[in-house]
Amino acid sequence: MTNFHLLKQSEKKPGELDIWSAVLPFAFDLICGILLIALGNLALRVTSYALSGVMIIYAIYLIIVYLRSEPLIKITELKLATALALIVAGTLLAFNPEYLEDLLPFIWGIAMLFGAFVKIQYAFDEKALKIEKWWIMLILAAFSLVIGILTLVNPDFLGENRSIVIGIMLIVEAIIDLVVFILIRKALKNLAPAGATKPLPEAEQKAIEPAVHSAEGPTPEPPTE
């Protein structure tokens with residue numbers, strides 16, 4: 001469900017992916033999947049209350065910031081309007097936790113579609129980089145795309161126990177996300193030249209140049225005739 005794949009390069013090892021950019025979404029999907037299977041609608045009810053509380057607390061924070069802001073800043077931002085909308089939405093969700101259960105197939109379907117589109121891009125990016133097994137990513141994308149479309153077009157496809165089915169799919173999607181991360185990480189590692197280092201910013205290069213010239217000694221002047 002967190003198939004947003006916010007993969008990014010490691011700052012310590014340029015050319016490699018930051019492992020935490022995959023671990024966190026994987027853990028989130030896995031934990032949510034297990035909770036949905038084990039607790040079913042109870043997990044959704046607890047999530048609804050938690051989400052409602054977060055929305056209302058954030059709304060109160062926005063109101064405090066609004067009251068402390070200067071008039072010119074108030075009129076150029078929508079903090080009060082946003083806070084009121086969050087309070088209404090949070091209150092409705094608190095008294096009607098079944099809303100989340102009704103919206104779950106839609107949220108899940110959209111997440112699956114987005115994840116499919118991301119995988120499609122990865123597949124064509126790998127093909128452009130001449131990675132032999134780029135089509136594996138396309139197969140994974142096709143799986144997410146089919147599930148996403150079926151969920152949005154016909155939510156009954158999930159059956160009566162939607163929470164359990166989505167929980168199982170979340171675990172499957174978590175495994176797929178992990179496979180995607182491993183494939184891309186391996187591909188980038190194979191493409192990166194040995195001993196490659198991250199180039200210094202232009203400002204740092206200019207700051208280092210005088211020191212380098214100083215260490216090399218004065219530049220000899222050309223002989224005069």
# chains A, B, ... in the order shown; residues from 1 in each chain; ligands from 1

$ residues_around --residues "Gly40 of chain A" --least-positions-apart "4" --cutoff "8 Å" --atoms "only C-alpha atoms" --output "PyMOL selection string"
chain A and resi 35-36+44+163-164

$ residues_around --residues "Ser48 of chain A" --least-positions-apart "3" --cutoff "8 Å" --atoms "only C-alpha atoms" --output "list in words"
Leu44, Arg45, Leu51, Ser52, Leu93, Ala94, Pro97 and Leu100 of chain A

$ write_last_selection --atoms "C-alpha atoms" --output "PDB file, in the first residue's frame"
ATOM      1  CA  LEU A  44      -9.769  -0.573  10.860  1.00  0.00           C
ATOM      2  CA  ARG A  45     -11.811   0.796  13.768  1.00  0.00           C
ATOM      3  CA  LEU A  51      -6.420   8.905  12.359  1.00  0.00           C
ATOM      4  CA  SER A  52      -9.259  11.020  13.721  1.00  0.00           C
ATOM      5  CA  LEU A  93     -14.468   9.726  11.239  1.00  0.00           C
ATOM      6  CA  ALA A  94     -14.504   9.351  15.027  1.00  0.00           C
ATOM      7  CA  PRO A  97     -15.351   4.585  11.869  1.00  0.00           C
ATOM      8  CA  LEU A 100     -12.652   3.888   6.559  1.00  0.00           C
TER       9      LEU A 100
END

$ closest_atom_pairs --of "segment 12-105 of chain A" --to "segment 141-162 of chain A" --cutoff "10 Å" --atoms "only C-alpha atoms" --output "tab-separated table"
residue	atom	partner	partner_atom	distance
A:Leu36	CA	A:Arg162	CA	9.2
A:Ile37	CA	A:Asn161	CA	9.6
A:Gly40	CA	A:Asn161	CA	8.1
A:Asn41	CA	A:Arg162	CA	9.0
A:Glu101	CA	A:Arg162	CA	8.6
A:Asp102	CA	A:Arg162	CA	9.8
A:Leu104	CA	A:Arg162	CA	8.5
A:Pro105	CA	A:Pro155	CA	6.1

$ write_last_selection --atoms "C-alpha atoms" --output "CSV table (one decimal), in the first residue's frame"
chain,number,residue,atom,x,y,z
A,36,LEU,CA,-5.8,-6.7,9.1
A,37,ILE,CA,-5.6,-10.5,9.0
A,40,GLY,CA,-10.0,-7.6,10.8
A,41,ASN,CA,-12.5,-4.8,11.2
A,101,GLU,CA,-13.9,0.4,5.9
A,102,ASP,CA,-16.0,1.6,3.0
A,104,LEU,CA,-10.6,0.9,2.0
A,105,PRO,CA,-11.1,-0.7,-1.4

$ residues_around --residues "Gln121 of chain A" --least-positions-apart "5" --cutoff "9 Å" --atoms "only C-alpha atoms" --output "number ranges by chain"
A: 116, 126, 138

$ write_last_selection --atoms "C-alpha atoms" --output "PDB file, in the first residue's frame"
ATOM      1  CA  ALA A 116       1.971  -0.349 -10.928  1.00  0.00           C
ATOM      2  CA  GLU A 126      16.028  -0.641 -16.727  1.00  0.00           C
ATOM      3  CA  LEU A 138       7.039  -5.339 -16.064  1.00  0.00           C
TER       4      LEU A 138
END

$ atom_distance --atom1 "atom CA of Thr82 of chain A" --atom2 "atom CA of Ala59 of chain A"
7.4 Å

$ atom_distance --atom1 "atom CA of Asp29 of chain A" --atom2 "atom CA of Val180 of chain A"
14.4 Å

$ closest_residue --among "A:Gly90, A:Ala83, A:Gly167, A:Ile73" --to "Ala50 of chain A" --atoms "only C-alpha atoms"
A:Gly90
